[in-house]
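The block underneath contains the structure these notes are about, expressed in structure tokens.
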Amino acid sequence: MSRNYKFHNSEGLYFVSFAVVGWLDVFTRNEYKDLVLESLEFCQKNKGMEIHAWCIMTNHVHLIFRSIENQKPELLLGDFKRFTSRSVVKAIQENPKESRKEFLLDYFKKEAEKSSNTTNFQLFWVYQIRQYFNERKNKLSTSIL
């Protein structure tokens with residue numbers, strides 16, 4: 001999956017979906033979902049992410065957001081994914097009740113080996129970015145990654 005996210009309007013409202021590599025069900029555990037929520041809250045308070053909607057599924061996340069502090073949306077999303085990935089991987093490593101620990105960490109490690117810009121573990125890949133509302137045309141954009 002391309003790392004060159006397609007954000008054509010830095011002030012636009014975007015619908016983004018990103019999945020756990022291999023569509024693995026990581027967010028079945030509340031402690032991992034909570035880390036996603038904490039990351040979203042941090043980005044909202046400290047990074048200029050204006051969140052309009054979010055949905056955490058067992059193996060992917062949907063997000064409607066915009067950047068409001070002159071930060072490029074692709075950098076904002078990259079920071080969010082990077083921080084969240086590290087937090088979730090650390091939580092998996094430190095969770096004594098995680099029965100899938102070895103399987104998950106091995107899978108994330110193998111995915112990272114395929115990537116030129118990820119070290120150690122790859123948790124997410126982005127599969128859809130869509131400008132949610134094109135104000136000039138007053139209609140939904142149809143550009144998909």
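A note on labels: chains of the structure tokens are A, B, ... as shown, every chain counts residues from 1, and ligands are counted from 1 in their shown order.
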Could you build a table of the residues in region 5-53 of chain A lying no more than 7 Å from region 59-75 of chain A, giving for each the nearest pair of atoms and their separation in Å rounded to one decimal place, using only C-alpha atoms, ordered by chain and ascending residue number, as CSV?
```
residue,atom,partner,partner_atom,distance
A:Tyr5,CA,A:Glu74,CA,6.0
A:Phe7,CA,A:Glu74,CA,6.6
A:Ser10,CA,A:Lys72,CA,5.7
A:Glu11,CA,A:Ser67,CA,6.3
A:Gly12,CA,A:Arg66,CA,6.0
A:Leu13,CA,A:Arg66,CA,4.7
A:Tyr14,CA,A:Ile64,CA,5.4
A:Phe15,CA,A:Ile64,CA,4.4
A:Val16,CA,A:Leu63,CA,5.2
A:Ser17,CA,A:His62,CA,4.5
A:Phe18,CA,A:Val61,CA,5.5
A:Ala19,CA,A:His60,CA,4.0
A:Val20,CA,A:Asn59,CA,5.4
A:Trp23,CA,A:Asn59,CA,5.4
A:Leu24,CA,A:Asn59,CA,5.6
A:Asp25,CA,A:Asn59,CA,4.5
A:Val26,CA,A:Asn59,CA,5.9
A:Phe27,CA,A:Asn59,CA,6.1
A:Gly48,CA,A:Glu69,CA,5.0
A:Met49,CA,A:Ser67,CA,5.0
A:Glu50,CA,A:Arg66,CA,5.2
A:Ile51,CA,A:Phe65,CA,4.5
A:His52,CA,A:Ile64,CA,5.4
A:Ala53,CA,A:Ile64,CA,5.1
```
Tell me, which residues of region 50-115 of chain A carry DSSP strand (DSSP E), written as number ranges by chain? A: 50-56, 60-67
So which residues touch region 106-122 of chain A within 10 Å, counting only C-alpha atoms, skipping near sequence neighbours fewer than 2 positions away, as a PDB file with N, CA and C atoms, in the first residue's frame?
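Saved as around_29.pdb:
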```
ATOM      1  N   MET A   1       0.852  -1.178   0.000  1.00  0.00           N
ATOM      2  CA  MET A   1       0.000   0.000   0.000  1.00  0.00           C
ATOM      3  C   MET A   1       0.890   1.230   0.000  1.00  0.00           C
ATOM      4  N   ARG A   3       2.472   4.760   0.682  1.00  0.00           N
ATOM      5  CA  ARG A   3       2.587   5.628   1.847  1.00  0.00           C
ATOM      6  C   ARG A   3       2.353   7.082   1.440  1.00  0.00           C
ATOM      7  N   VAL A  20      -5.835  -3.101  10.192  1.00  0.00           N
ATOM      8  CA  VAL A  20      -4.730  -3.856  10.751  1.00  0.00           C
ATOM      9  C   VAL A  20      -4.222  -4.765   9.634  1.00  0.00           C
ATOM     10  N   VAL A  21      -2.901  -4.861   9.499  1.00  0.00           N
ATOM     11  CA  VAL A  21      -2.338  -5.706   8.442  1.00  0.00           C
ATOM     12  C   VAL A  21      -2.932  -7.107   8.549  1.00  0.00           C
ATOM     13  N   GLY A  22      -3.212  -7.684   7.391  1.00  0.00           N
ATOM     14  CA  GLY A  22      -3.804  -9.017   7.356  1.00  0.00           C
ATOM     15  C   GLY A  22      -5.232  -9.068   7.867  1.00  0.00           C
ATOM     16  N   LEU A  24      -6.220  -8.620  10.741  1.00  0.00           N
ATOM     17  CA  LEU A  24      -6.232  -9.349  12.006  1.00  0.00           C
ATOM     18  C   LEU A  24      -7.112  -8.623  13.020  1.00  0.00           C
ATOM     19  N   ARG A  82       1.480   6.164  13.557  1.00  0.00           N
ATOM     20  CA  ARG A  82       2.774   5.759  14.124  1.00  0.00           C
ATOM     21  C   ARG A  82       2.681   5.629  15.647  1.00  0.00           C
ATOM     22  N   SER A  85       0.262   2.761  16.616  1.00  0.00           N
ATOM     23  CA  SER A  85       0.877   1.462  16.345  1.00  0.00           C
ATOM     24  C   SER A  85       1.854   1.079  17.440  1.00  0.00           C
ATOM     25  N   ARG A  86       2.710   2.011  17.804  1.00  0.00           N
ATOM     26  CA  ARG A  86       3.699   1.722  18.859  1.00  0.00           C
ATOM     27  C   ARG A  86       3.014   1.407  20.180  1.00  0.00           C
ATOM     28  N   VAL A  89       1.287  -2.135  19.907  1.00  0.00           N
ATOM     29  CA  VAL A  89       2.286  -3.207  19.904  1.00  0.00           C
ATOM     30  C   VAL A  89       2.877  -3.373  21.307  1.00  0.00           C
ATOM     31  N   LYS A 101      -0.284 -13.358  21.387  1.00  0.00           N
ATOM     32  CA  LYS A 101       0.873 -12.472  21.402  1.00  0.00           C
ATOM     33  C   LYS A 101       1.924 -12.866  20.363  1.00  0.00           C
ATOM     34  N   GLU A 102       2.385 -14.085  20.407  1.00  0.00           N
ATOM     35  CA  GLU A 102       3.449 -14.519  19.502  1.00  0.00           C
ATOM     36  C   GLU A 102       3.000 -14.431  18.039  1.00  0.00           C
ATOM     37  N   PHE A 103       1.789 -14.897  17.767  1.00  0.00           N
ATOM     38  CA  PHE A 103       1.262 -14.847  16.401  1.00  0.00           C
ATOM     39  C   PHE A 103       1.176 -13.411  15.896  1.00  0.00           C
ATOM     40  N   LEU A 104       0.584 -12.524  16.701  1.00  0.00           N
ATOM     41  CA  LEU A 104       0.411 -11.129  16.272  1.00  0.00           C
ATOM     42  C   LEU A 104       1.752 -10.444  16.045  1.00  0.00           C
ATOM     43  N   PHE A 124      -0.670  -1.046  10.866  1.00  0.00           N
ATOM     44  CA  PHE A 124      -1.731  -0.532   9.994  1.00  0.00           C
ATOM     45  C   PHE A 124      -1.287  -0.391   8.550  1.00  0.00           C
ATOM     46  N   TRP A 125      -2.243  -0.439   7.659  1.00  0.00           N
ATOM     47  CA  TRP A 125      -2.085   0.084   6.308  1.00  0.00           C
ATOM     48  C   TRP A 125      -3.366   0.820   5.952  1.00  0.00           C
TER      49      TRP A 125
END
```
For CA of Phe80 (chain A) and CA of Lys45 (chain A), determine how far apart the two atoms are, in Å to one decimal place. 12.5 Å
Using only C-alpha atoms, the residue out of A:Lys6, A:Lys47, A:Ile56, A:Pro96 with shortest distance to Asp79 (chain A) is A:Lys47
For CA of Trp54 (chain A) and CA of Asn30 (chain A), the interatomic separation in Å (one decimal): 15.8 Å
Which of A:Cys43, A:Val126, A:Leu105, A:Cys55 sits closest to Ala91 (chain A) [using only C-alpha atoms]: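 Of A:Cys43, A:Val126, A:Leu105, A:Cys55, the one nearest Ala91 (chain A), counting only C-alpha atoms, is A:Leu105.
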